[in-house]
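K.L.:
Below are the structure tokens for one structure; questions will follow.
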Protein chains: 2
Amino acid sequence: MSELDFAKGGGLVPAIIQDEQTDEVYMLGYMDKAALDRTKESGWVHFFSRSKNRIWMKGEESGNKLRVISIFEDCDSDTLLVKVQLHGEAVCHTGHKSCFYRKLNMEETS
Amino acid sequence: MSELDFAKGGGLVPAIIQDEQTDEVYMLGYMDKAALDRTKESGWVHFFSRSKNRIWMKGEESGNKLRVISIFEDCDSDTLLVKVQLHGEAVCHTGHKSCFYRKLNMEETS
């Protein structure tokens with residue numbers, strides 16, 4: 001594989017989390033090099049939390065964990081797509097299965 | 001809708017681009033407020049290019065444009081999921097349909 005470009009995002013790359021079976025997009029998180037290595041080694045998704053300033057395993061508190069099936073990098077090596085199996089009920093801390101449960105109104109400016 | 005959090009990402013939010021029919025994830029781009037408004041108004045995906053430092057319409061040069069079907073924001077309003085119809089052959093500038101065409105080796109460290 002090519003070298004991932006962590007520098008562009010200040011040490012972090014965005015990681016899109018997608019269900020491997022249904023193709024539903026669940027969330028976007030951020031990984032540093034260590035979080036990505038821990039994700040690969042353990043087979044469970046780990047992120048770097050910008051607010052907690054540390055690596056955490058998704059589900060370490062909620063129990064809703066993400067089993068890694070495969071990981072893809074994009075053409076310029078600064079974004080990841082992680083295909084997962086959800087072990088649990090929901091990915092979002094709100095209880096929704098996906099974090100993307102609110103639709104924007106196309107008629108309104110942002 | 002809630003107010004989108006552009007501040008967290010220095011004026012930009014990441015936007016995941018997903019095919020509305022097949023659910024394939026094509027790419028990740030970045031939008032500022034103006035790019036999002038232009039996307040909504042025109043119905044075609046616009047990004048803010050960090051390298052060109054300007055708004056551009058995806059496909060303005062390649063002709064491979066992305067028609068917007070719907071846009072979702074995530075639970076903390078700092079990421080977008082844009083469901084699209086691809087008008088053209090490929091999303092990636094390499095000619096691949098998706099930018100995520102390279103699989104990481106899970107046995108190697110990053």
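By order in the structure tokens, chains are A, B, ...; within a chain, residues start at 1; ligands start at 1, following the order shown.
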Could you pull the residues within 10 Å of A:Thr39, counting only C-alpha atoms, minus those fewer than 3 positions along the same chain, as a compact mmCIF listing (two decimals) with N, CA, C and O atoms, in the first residue's frame?

P.N.:
# COMPACT_ATOMS: atom_id res chain seq x y z
N MET A 31 -8.87 8.88 12.77
CA MET A 31 -7.82 7.97 13.26
C MET A 31 -6.46 8.62 13.10
O MET A 31 -6.19 9.24 12.06
N LYS A 33 -2.24 7.45 13.38
CA LYS A 33 -1.53 6.25 12.96
C LYS A 33 -1.70 5.11 13.99
O LYS A 33 -1.95 3.96 13.63
N ALA A 34 -1.62 5.48 15.26
CA ALA A 34 -1.72 4.47 16.32
C ALA A 34 -3.13 3.88 16.39
O ALA A 34 -3.30 2.67 16.61
N ALA A 35 -4.15 4.70 16.19
CA ALA A 35 -5.53 4.20 16.22
C ALA A 35 -5.77 3.26 15.04
O ALA A 35 -6.46 2.23 15.18
N LEU A 36 -5.20 3.59 13.89
CA LEU A 36 -5.35 2.72 12.73
C LEU A 36 -4.63 1.39 12.98
O LEU A 36 -5.18 0.31 12.69
N SER A 42 -6.40 -5.40 16.31
CA SER A 42 -7.46 -5.96 17.15
C SER A 42 -8.65 -6.45 16.33
O SER A 42 -9.42 -7.29 16.80
N GLY A 43 -8.83 -5.84 15.14
CA GLY A 43 -10.03 -6.15 14.37
C GLY A 43 -11.26 -5.38 14.82
O GLY A 43 -12.36 -5.63 14.33
N TRP A 44 -11.09 -4.43 15.75
CA TRP A 44 -12.20 -3.58 16.21
C TRP A 44 -11.85 -2.12 15.95
O TRP A 44 -10.70 -1.72 16.17
N VAL A 45 -12.85 -1.34 15.53
CA VAL A 45 -12.59 0.06 15.18
C VAL A 45 -12.18 0.88 16.41
O VAL A 45 -12.88 0.86 17.43
N HIS A 46 -11.04 1.55 16.27
CA HIS A 46 -10.55 2.51 17.27
C HIS A 46 -10.45 3.88 16.60
O HIS A 46 -10.06 3.97 15.44
N PHE A 47 -10.76 4.91 17.35
CA PHE A 47 -10.63 6.28 16.85
C PHE A 47 -9.69 7.07 17.74
O PHE A 47 -9.42 6.69 18.88
N MET A 57 -11.64 2.78 21.86
CA MET A 57 -12.31 1.78 21.04
C MET A 57 -13.78 2.15 20.98
O MET A 57 -14.42 2.35 22.01
N LEU A 66 -17.66 -2.13 16.63
CA LEU A 66 -17.61 -2.24 15.17
C LEU A 66 -16.49 -3.19 14.78
O LEU A 66 -15.31 -2.87 14.94
N ARG A 67 -16.86 -4.34 14.25
CA ARG A 67 -15.90 -5.35 13.80
C ARG A 67 -15.43 -4.99 12.39
O ARG A 67 -16.26 -4.77 11.50
N VAL A 68 -14.14 -4.93 12.20
CA VAL A 68 -13.60 -4.52 10.90
C VAL A 68 -13.62 -5.70 9.92
O VAL A 68 -13.14 -6.79 10.23
N ILE A 71 -10.61 -2.42 4.99
CA ILE A 71 -10.33 -0.98 5.01
C ILE A 71 -9.78 -0.58 3.65
O ILE A 71 -8.90 -1.25 3.11
N MET B 106 -4.25 -5.72 6.15
CA MET B 106 -4.52 -5.70 7.59
C MET B 106 -3.34 -6.24 8.40
O MET B 106 -3.29 -6.07 9.61

K.L.:
List as a ChimeraX atom specification the protein and nucleic acid residues near B:Ile17, meaning an atom at most 10 Å away when only C-alpha atoms are counted, but skip any in the same chain fewer than 6 places from it.

P.N.:
/B:23-29,45,66,68,71,80-85,91,98

K.L.:
For the residues in that selection, give me N, CA, C and O atoms as a short mmCIF file (atom, residue, chain, number, x, y, z; two decimals), in the first residue's frame.

P.N.:
data_model
loop_
_atom_site.label_atom_id
_atom_site.label_comp_id
_atom_site.auth_asym_id
_atom_site.auth_seq_id
_atom_site.Cartn_x
_atom_site.Cartn_y
_atom_site.Cartn_z
N ASP B 23 -25.69 2.69 -3.07
CA ASP B 23 -25.09 2.92 -1.76
C ASP B 23 -23.56 2.84 -1.76
O ASP B 23 -22.94 2.81 -0.69
N GLU B 24 -22.95 2.81 -2.94
CA GLU B 24 -21.48 2.84 -2.99
C GLU B 24 -20.98 4.19 -2.50
O GLU B 24 -21.52 5.23 -2.87
N VAL B 25 -19.94 4.16 -1.66
CA VAL B 25 -19.31 5.41 -1.23
C VAL B 25 -18.26 5.79 -2.27
O VAL B 25 -17.36 5.02 -2.55
N TYR B 26 -18.41 6.99 -2.84
CA TYR B 26 -17.54 7.41 -3.94
C TYR B 26 -16.30 8.18 -3.49
O TYR B 26 -15.22 7.98 -3.98
N MET B 27 -16.50 9.12 -2.57
CA MET B 27 -15.39 10.00 -2.19
C MET B 27 -15.76 10.79 -0.95
O MET B 27 -16.91 10.73 -0.48
N LEU B 28 -14.78 11.51 -0.44
CA LEU B 28 -15.01 12.50 0.62
C LEU B 28 -14.47 13.83 0.12
O LEU B 28 -13.34 13.90 -0.37
N GLY B 29 -15.28 14.86 0.24
CA GLY B 29 -14.82 16.20 -0.10
C GLY B 29 -15.11 17.14 1.06
O GLY B 29 -15.63 16.70 2.10
N VAL B 45 -23.27 18.87 -6.80
CA VAL B 45 -22.29 18.92 -5.70
C VAL B 45 -21.17 19.91 -6.01
O VAL B 45 -20.54 19.84 -7.08
N LEU B 66 -22.15 15.30 -10.12
CA LEU B 66 -22.90 14.60 -9.08
C LEU B 66 -24.20 15.34 -8.79
O LEU B 66 -24.18 16.45 -8.24
N VAL B 68 -27.45 16.01 -6.75
CA VAL B 68 -27.83 15.81 -5.35
C VAL B 68 -29.25 15.28 -5.23
O VAL B 68 -30.18 15.83 -5.82
N ILE B 71 -29.41 15.38 1.40
CA ILE B 71 -28.23 15.65 2.24
C ILE B 71 -28.64 15.42 3.70
O ILE B 71 -29.68 15.89 4.14
N LEU B 80 -21.34 15.87 6.76
CA LEU B 80 -22.48 15.70 5.87
C LEU B 80 -22.39 14.37 5.13
O LEU B 80 -21.30 13.88 4.83
N LEU B 81 -23.55 13.81 4.84
CA LEU B 81 -23.67 12.64 3.96
C LEU B 81 -24.55 13.08 2.79
O LEU B 81 -25.71 13.45 3.00
N VAL B 82 -23.98 13.06 1.60
CA VAL B 82 -24.69 13.56 0.42
C VAL B 82 -25.00 12.37 -0.49
O VAL B 82 -24.09 11.67 -0.94
N LYS B 83 -26.28 12.14 -0.73
CA LYS B 83 -26.70 11.05 -1.61
C LYS B 83 -26.88 11.61 -3.01
O LYS B 83 -27.56 12.64 -3.19
N VAL B 84 -26.25 10.95 -3.97
CA VAL B 84 -26.14 11.51 -5.32
C VAL B 84 -26.47 10.49 -6.40
O VAL B 84 -26.50 9.28 -6.17
N GLN B 85 -26.70 11.06 -7.60
CA GLN B 85 -26.69 10.28 -8.84
C GLN B 85 -25.49 10.73 -9.63
O GLN B 85 -25.33 11.94 -9.87
N VAL B 91 -16.21 8.79 -10.68
CA VAL B 91 -16.08 9.91 -9.75
C VAL B 91 -14.61 10.27 -9.58
O VAL B 91 -14.24 11.44 -9.52
N SER B 98 -15.10 4.80 -7.97
CA SER B 98 -14.98 5.34 -6.61
C SER B 98 -13.52 5.66 -6.31
O SER B 98 -12.61 5.00 -6.84
#

K.L.:
Using DSSP on the backbone, list every residue of chain A that comes out as alpha helix (DSSP H), and give them as an mmCIF file with N, CA and C atoms, in the first residue's frame.

P.N.:
data_model
loop_
_atom_site.group_PDB
_atom_site.id
_atom_site.type_symbol
_atom_site.label_atom_id
_atom_site.label_comp_id
_atom_site.auth_asym_id
_atom_site.auth_seq_id
_atom_site.Cartn_x
_atom_site.Cartn_y
_atom_site.Cartn_z
ATOM 1 N N LYS A 33 -2.237 7.445 13.380
ATOM 2 C CA LYS A 33 -1.532 6.246 12.957
ATOM 3 C C LYS A 33 -1.698 5.114 13.989
ATOM 4 N N ALA A 34 -1.621 5.481 15.265
ATOM 5 C CA ALA A 34 -1.724 4.474 16.322
ATOM 6 C C ALA A 34 -3.133 3.880 16.386
ATOM 7 N N ALA A 35 -4.147 4.702 16.195
ATOM 8 C CA ALA A 35 -5.531 4.198 16.218
ATOM 9 C C ALA A 35 -5.772 3.257 15.038
ATOM 10 N N LEU A 36 -5.199 3.595 13.894
ATOM 11 C CA LEU A 36 -5.352 2.717 12.726
ATOM 12 C C LEU A 36 -4.631 1.386 12.975
ATOM 13 N N ASP A 37 -3.433 1.453 13.526
ATOM 14 C CA ASP A 37 -2.703 0.207 13.808
ATOM 15 C C ASP A 37 -3.452 -0.647 14.837
ATOM 16 N N ARG A 38 -4.002 0.000 15.851
ATOM 17 C CA ARG A 38 -4.760 -0.773 16.849
ATOM 18 C C ARG A 38 -6.019 -1.373 16.235
ATOM 19 N N THR A 39 -6.641 -0.635 15.312
ATOM 20 C CA THR A 39 -7.813 -1.141 14.595
ATOM 21 C C THR A 39 -7.462 -2.393 13.803
ATOM 22 N N LYS A 40 -6.318 -2.329 13.096
ATOM 23 C CA LYS A 40 -5.899 -3.488 12.290
ATOM 24 C C LYS A 40 -5.539 -4.691 13.164
ATOM 25 N N GLU A 41 -4.783 -4.437 14.226
ATOM 26 C CA GLU A 41 -4.307 -5.522 15.082
ATOM 27 C C GLU A 41 -5.451 -6.223 15.809
ATOM 28 N N SER A 42 -6.399 -5.404 16.311
ATOM 29 C CA SER A 42 -7.460 -5.963 17.150
ATOM 30 C C SER A 42 -8.654 -6.446 16.334
#

K.L.:
Quick one: residues within 10 Å of stretch 62-64 of chain B, only C-alpha atoms, excluding same-chain residues fewer than 4 positions away - as a PDB file with all heavy atoms, in the first residue's frame?

P.N.:
ATOM      1  N   MET B  57     -17.306  23.188  -8.828  1.00  0.00           N
ATOM      2  CA  MET B  57     -18.337  22.184  -9.034  1.00  0.00           C
ATOM      3  C   MET B  57     -17.661  20.889  -9.443  1.00  0.00           C
ATOM      4  O   MET B  57     -16.856  20.887 -10.382  1.00  0.00           O
ATOM      5  CB  MET B  57     -19.331  22.609 -10.119  1.00  0.00           C
ATOM      6  CG  MET B  57     -20.508  21.627 -10.210  1.00  0.00           C
ATOM      7  SD  MET B  57     -21.667  22.022 -11.533  1.00  0.00           S
ATOM      8  CE  MET B  57     -20.764  21.383 -12.947  1.00  0.00           C
ATOM      9  N   LYS B  58     -17.960  19.818  -8.727  1.00  0.00           N
ATOM     10  CA  LYS B  58     -17.428  18.510  -9.103  1.00  0.00           C
ATOM     11  C   LYS B  58     -17.839  18.227 -10.547  1.00  0.00           C
ATOM     12  O   LYS B  58     -19.026  18.293 -10.874  1.00  0.00           O
ATOM     13  CB  LYS B  58     -17.988  17.443  -8.155  1.00  0.00           C
ATOM     14  CG  LYS B  58     -17.662  16.012  -8.523  1.00  0.00           C
ATOM     15  CD  LYS B  58     -16.217  15.687  -8.271  1.00  0.00           C
ATOM     16  CE  LYS B  58     -15.895  14.290  -8.788  1.00  0.00           C
ATOM     17  NZ  LYS B  58     -14.457  14.067  -8.956  1.00  0.00           N
ATOM     18  N   LEU B  86     -24.659   9.795 -10.044  1.00  0.00           N
ATOM     19  CA  LEU B  86     -23.495  10.119 -10.858  1.00  0.00           C
ATOM     20  C   LEU B  86     -23.935  10.363 -12.299  1.00  0.00           C
ATOM     21  O   LEU B  86     -24.568   9.491 -12.914  1.00  0.00           O
ATOM     22  CB  LEU B  86     -22.484   8.965 -10.788  1.00  0.00           C
ATOM     23  CG  LEU B  86     -21.316   8.987 -11.773  1.00  0.00           C
ATOM     24  CD1 LEU B  86     -20.485  10.253 -11.636  1.00  0.00           C
ATOM     25  CD2 LEU B  86     -20.432   7.747 -11.586  1.00  0.00           C
ATOM     26  N   HIS B  87     -23.614  11.557 -12.815  1.00  0.00           N
ATOM     27  CA  HIS B  87     -23.832  11.843 -14.230  1.00  0.00           C
ATOM     28  C   HIS B  87     -22.465  11.791 -14.893  1.00  0.00           C
ATOM     29  O   HIS B  87     -21.696  12.758 -14.824  1.00  0.00           O
ATOM     30  CB  HIS B  87     -24.479  13.218 -14.415  1.00  0.00           C
ATOM     31  CG  HIS B  87     -25.929  13.240 -14.034  1.00  0.00           C
ATOM     32  ND1 HIS B  87     -26.913  13.734 -14.848  1.00  0.00           N
ATOM     33  CD2 HIS B  87     -26.572  12.787 -12.925  1.00  0.00           C
ATOM     34  CE1 HIS B  87     -28.100  13.605 -14.258  1.00  0.00           C
ATOM     35  NE2 HIS B  87     -27.920  13.033 -13.086  1.00  0.00           N
ATOM     36  N   GLY B  88     -22.123  10.664 -15.458  1.00  0.00           N
ATOM     37  CA  GLY B  88     -20.801  10.460 -16.031  1.00  0.00           C
ATOM     38  C   GLY B  88     -20.351   9.038 -15.766  1.00  0.00           C
ATOM     39  O   GLY B  88     -21.154   8.194 -15.347  1.00  0.00           O
ATOM     40  N   GLU B  89     -19.091   8.796 -15.997  1.00  0.00           N
ATOM     41  CA  GLU B  89     -18.563   7.425 -15.946  1.00  0.00           C
ATOM     42  C   GLU B  89     -17.908   7.087 -14.628  1.00  0.00           C
ATOM     43  O   GLU B  89     -17.921   5.943 -14.192  1.00  0.00           O
ATOM     44  CB  GLU B  89     -17.529   7.240 -17.070  1.00  0.00           C
ATOM     45  CG  GLU B  89     -18.085   7.378 -18.466  1.00  0.00           C
ATOM     46  CD  GLU B  89     -19.207   6.390 -18.738  1.00  0.00           C
ATOM     47  OE1 GLU B  89     -19.028   5.196 -18.423  1.00  0.00           O
ATOM     48  OE2 GLU B  89     -20.270   6.801 -19.237  1.00  0.00           O
ATOM     49  N   ALA B  90     -17.261   8.074 -14.019  1.00  0.00           N
ATOM     50  CA  ALA B  90     -16.411   7.802 -12.856  1.00  0.00           C
ATOM     51  C   ALA B  90     -16.401   9.018 -11.954  1.00  0.00           C
ATOM     52  O   ALA B  90     -16.564  10.142 -12.425  1.00  0.00           O
ATOM     53  CB  ALA B  90     -14.992   7.503 -13.313  1.00  0.00           C
ATOM     54  N   VAL B  91     -16.212   8.795 -10.679  1.00  0.00           N
ATOM     55  CA  VAL B  91     -16.076   9.911  -9.750  1.00  0.00           C
ATOM     56  C   VAL B  91     -14.606  10.271  -9.579  1.00  0.00           C
ATOM     57  O   VAL B  91     -14.243  11.439  -9.517  1.00  0.00           O
ATOM     58  CB  VAL B  91     -16.726   9.573  -8.395  1.00  0.00           C
ATOM     59  CG1 VAL B  91     -16.448  10.657  -7.369  1.00  0.00           C
ATOM     60  CG2 VAL B  91     -18.229   9.378  -8.580  1.00  0.00           C
ATOM     61  N   CYS B  92     -13.752   9.276  -9.515  1.00  0.00           N
ATOM     62  CA  CYS B  92     -12.337   9.512  -9.205  1.00  0.00           C
ATOM     63  C   CYS B  92     -11.593  10.025 -10.444  1.00  0.00           C
ATOM     64  O   CYS B  92     -11.842   9.570 -11.561  1.00  0.00           O
ATOM     65  CB  CYS B  92     -11.703   8.229  -8.701  1.00  0.00           C
ATOM     66  SG  CYS B  92     -10.026   8.490  -8.078  1.00  0.00           S
ATOM     67  N   HIS B  93     -10.649  10.920 -10.199  1.00  0.00           N
ATOM     68  CA  HIS B  93      -9.852  11.482 -11.312  1.00  0.00           C
ATOM     69  C   HIS B  93      -8.937  10.430 -11.942  1.00  0.00           C
ATOM     70  O   HIS B  93      -8.415  10.644 -13.037  1.00  0.00           O
ATOM     71  CB  HIS B  93      -9.021  12.668 -10.821  1.00  0.00           C
ATOM     72  CG  HIS B  93      -7.870  12.283  -9.948  1.00  0.00           C
ATOM     73  ND1 HIS B  93      -8.023  11.875  -8.634  1.00  0.00           N
ATOM     74  CD2 HIS B  93      -6.550  12.205 -10.210  1.00  0.00           C
ATOM     75  CE1 HIS B  93      -6.853  11.586  -8.127  1.00  0.00           C
ATOM     76  NE2 HIS B  93      -5.930  11.777  -9.049  1.00  0.00           N
TER      77      HIS B  93
END

K.L.:
Figure out the distance between atom CA of B:Phe48 and atom CA of B:Glu61, please, to one decimal in Å.

P.N.:
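So the answer is 15.0 Å.
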
K.L.:
Set the distance at 6 Å and use only C-alpha atoms: which residues neighbour B:Asp74 once local chain neighbours fewer than 4 positions away are removed? I'd like the list as an MDAnalysis selection string.

P.N.:
(chainID A and resid 99:100) or (chainID B and resid 79)

K.L.:
Write out as a tab-separated table (two decimals) with N, CA, C and O atoms, in the first residue's frame the set of residues from chain B that DSSP, computed on the backbone, places in strand (DSSP E).

P.N.:
chain	number	residue	atom	x	y	z
B	13	VAL	N	-16.65	21.52	6.48
B	13	VAL	CA	-17.16	20.24	6.99
B	13	VAL	C	-16.87	19.16	5.93
B	13	VAL	O	-16.99	19.42	4.73
B	14	PRO	N	-16.50	17.95	6.39
B	14	PRO	CA	-16.34	16.86	5.43
B	14	PRO	C	-17.70	16.41	4.91
B	14	PRO	O	-18.68	16.38	5.66
B	15	ALA	N	-17.74	16.07	3.63
B	15	ALA	CA	-18.99	15.61	2.99
B	15	ALA	C	-18.73	14.26	2.32
B	15	ALA	O	-17.94	14.19	1.36
B	16	ILE	N	-19.37	13.23	2.85
B	16	ILE	CA	-19.27	11.88	2.29
B	16	ILE	C	-20.21	11.81	1.10
B	16	ILE	O	-21.39	12.17	1.21
B	17	ILE	N	-19.71	11.33	-0.03
B	17	ILE	CA	-20.53	11.24	-1.24
B	17	ILE	C	-20.88	9.78	-1.50
B	17	ILE	O	-20.00	8.94	-1.68
B	18	GLN	N	-22.19	9.48	-1.49
B	18	GLN	CA	-22.67	8.10	-1.62
B	18	GLN	C	-23.70	8.01	-2.75
B	18	GLN	O	-24.58	8.88	-2.85
B	19	ASP	N	-23.61	6.97	-3.56
B	19	ASP	CA	-24.59	6.76	-4.62
B	19	ASP	C	-25.96	6.45	-4.00
B	19	ASP	O	-26.07	5.56	-3.15
B	25	VAL	N	-19.94	4.16	-1.66
B	25	VAL	CA	-19.31	5.41	-1.23
B	25	VAL	C	-18.26	5.79	-2.27
B	25	VAL	O	-17.36	5.02	-2.55
B	26	TYR	N	-18.41	6.99	-2.84
B	26	TYR	CA	-17.54	7.41	-3.94
B	26	TYR	C	-16.30	8.18	-3.49
B	26	TYR	O	-15.22	7.98	-3.98
B	27	MET	N	-16.50	9.12	-2.57
B	27	MET	CA	-15.39	10.00	-2.19
B	27	MET	C	-15.76	10.79	-0.95
B	27	MET	O	-16.91	10.73	-0.48
B	28	LEU	N	-14.78	11.51	-0.44
B	28	LEU	CA	-15.01	12.50	0.62
B	28	LEU	C	-14.47	13.83	0.12
B	28	LEU	O	-13.34	13.90	-0.37
B	29	GLY	N	-15.28	14.86	0.24
B	29	GLY	CA	-14.82	16.20	-0.10
B	29	GLY	C	-15.11	17.14	1.06
B	29	GLY	O	-15.63	16.70	2.10
B	30	TYR	N	-14.77	18.40	0.89
B	30	TYR	CA	-15.01	19.38	1.95
B	30	TYR	C	-15.85	20.52	1.41
B	30	TYR	O	-15.67	20.95	0.28
B	31	MET	N	-16.79	20.97	2.22
B	31	MET	CA	-17.64	22.12	1.86
B	31	MET	C	-17.52	23.21	2.90
B	31	MET	O	-17.52	22.92	4.10
B	46	HIS	N	-20.96	20.83	-5.08
B	46	HIS	CA	-19.83	21.78	-5.10
B	46	HIS	C	-18.98	21.53	-3.85
B	46	HIS	O	-19.52	21.27	-2.78
B	47	PHE	N	-17.68	21.66	-4.02
B	47	PHE	CA	-16.76	21.53	-2.88
B	47	PHE	C	-15.95	22.81	-2.73
B	47	PHE	O	-15.86	23.61	-3.66
B	48	PHE	N	-15.33	22.93	-1.55
B	48	PHE	CA	-14.29	23.93	-1.39
B	48	PHE	C	-12.97	23.20	-1.52
B	48	PHE	O	-12.68	22.28	-0.76
B	49	SER	N	-12.17	23.59	-2.49
B	49	SER	CA	-10.88	22.95	-2.69
B	49	SER	C	-9.83	23.60	-1.79
B	49	SER	O	-9.60	24.80	-1.88
B	54	ARG	N	-10.67	27.61	-3.51
B	54	ARG	CA	-11.89	28.18	-4.09
B	54	ARG	C	-12.96	27.10	-4.19
B	54	ARG	O	-12.67	25.90	-4.11
B	55	ILE	N	-14.19	27.55	-4.39
B	55	ILE	CA	-15.30	26.63	-4.61
B	55	ILE	C	-15.24	26.13	-6.05
B	55	ILE	O	-14.92	26.87	-6.96
B	56	TRP	N	-15.52	24.84	-6.22
B	56	TRP	CA	-15.58	24.31	-7.59
B	56	TRP	C	-16.73	23.32	-7.66
B	56	TRP	O	-17.11	22.71	-6.65
B	57	MET	N	-17.31	23.19	-8.83
B	57	MET	CA	-18.34	22.18	-9.03
B	57	MET	C	-17.66	20.89	-9.44
B	57	MET	O	-16.86	20.89	-10.38
B	65	LYS	N	-20.31	14.75	-13.20
B	65	LYS	CA	-21.00	15.57	-12.21
B	65	LYS	C	-21.84	14.71	-11.26
B	65	LYS	O	-22.18	13.57	-11.57
B	66	LEU	N	-22.15	15.30	-10.12
B	66	LEU	CA	-22.90	14.60	-9.08
B	66	LEU	C	-24.20	15.34	-8.79
B	66	LEU	O	-24.18	16.45	-8.24
B	67	ARG	N	-25.32	14.74	-9.16
B	67	ARG	CA	-26.65	15.32	-8.92
B	67	ARG	C	-27.07	15.00	-7.49
B	67	ARG	O	-27.06	13.84	-7.08
B	68	VAL	N	-27.45	16.01	-6.75
B	68	VAL	CA	-27.83	15.81	-5.35
B	68	VAL	C	-29.25	15.28	-5.23
B	68	VAL	O	-30.18	15.83	-5.82
B	69	ILE	N	-29.41	14.21	-4.47
B	69	ILE	CA	-30.74	13.68	-4.18
B	69	ILE	C	-31.18	14.11	-2.78
B	69	ILE	O	-32.30	14.59	-2.59
B	70	SER	N	-30.29	13.97	-1.81
B	70	SER	CA	-30.61	14.40	-0.44
B	70	SER	C	-29.31	14.59	0.33
B	70	SER	O	-28.27	14.05	-0.04
B	71	ILE	N	-29.41	15.38	1.40
B	71	ILE	CA	-28.23	15.65	2.24
B	71	ILE	C	-28.64	15.42	3.70
B	71	ILE	O	-29.68	15.89	4.14
B	72	PHE	N	-27.79	14.71	4.43
B	72	PHE	CA	-28.00	14.45	5.86
B	72	PHE	C	-26.84	15.05	6.65
B	72	PHE	O	-25.70	15.04	6.19
B	73	GLU	N	-27.14	15.53	7.87
B	73	GLU	CA	-26.07	15.94	8.77
B	73	GLU	C	-25.96	14.91	9.88
B	73	GLU	O	-26.94	14.21	10.19
B	80	LEU	N	-21.34	15.87	6.76
B	80	LEU	CA	-22.48	15.70	5.87
B	80	LEU	C	-22.39	14.37	5.13
B	80	LEU	O	-21.30	13.88	4.83
B	81	LEU	N	-23.55	13.81	4.84
B	81	LEU	CA	-23.67	12.64	3.96
B	81	LEU	C	-24.55	13.08	2.79
B	81	LEU	O	-25.71	13.45	3.00
B	82	VAL	N	-23.98	13.06	1.60
B	82	VAL	CA	-24.69	13.56	0.42
B	82	VAL	C	-25.00	12.37	-0.49
B	82	VAL	O	-24.09	11.67	-0.94
B	83	LYS	N	-26.28	12.14	-0.73
B	83	LYS	CA	-26.70	11.05	-1.61
B	83	LYS	C	-26.88	11.61	-3.01
B	83	LYS	O	-27.56	12.64	-3.19
B	84	VAL	N	-26.25	10.95	-3.97
B	84	VAL	CA	-26.14	11.51	-5.32
B	84	VAL	C	-26.47	10.49	-6.40
B	84	VAL	O	-26.50	9.28	-6.17
B	85	GLN	N	-26.70	11.06	-7.60
B	85	GLN	CA	-26.69	10.28	-8.84
B	85	GLN	C	-25.49	10.73	-9.63
B	85	GLN	O	-25.33	11.94	-9.87
B	86	LEU	N	-24.66	9.80	-10.04
B	86	LEU	CA	-23.50	10.12	-10.86
B	86	LEU	C	-23.93	10.36	-12.30
B	86	LEU	O	-24.57	9.49	-12.91
B	87	HIS	N	-23.61	11.56	-12.81
B	87	HIS	CA	-23.83	11.84	-14.23
B	87	HIS	C	-22.46	11.79	-14.89
B	87	HIS	O	-21.70	12.76	-14.82
B	102	ARG	N	-8.39	1.08	-3.31
B	102	ARG	CA	-7.21	0.38	-2.78
B	102	ARG	C	-7.48	-0.13	-1.38
B	102	ARG	O	-7.80	0.63	-0.47
B	103	LYS	N	-7.32	-1.43	-1.23
B	103	LYS	CA	-7.59	-2.10	0.04
B	103	LYS	C	-6.31	-2.13	0.87
B	103	LYS	O	-5.24	-2.47	0.34

K.L.:
Closest to chain B among A:Cys75, A:Phe6, A:Gly95, A:Glu60, using only C-alpha atoms?

P.N.:
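Nearest to chain B: A:Cys75.
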
K.L.:
Just the number, please: distance in Å from atom CA of A:Lys8 to atom CA of A:Leu104, one decimal.

P.N.:
28.8 Å

K.L.:
One number please: atom CA of A:Gly9 to atom CA of A:Lys52, in Å, one decimal.

P.N.:
17.5 Å
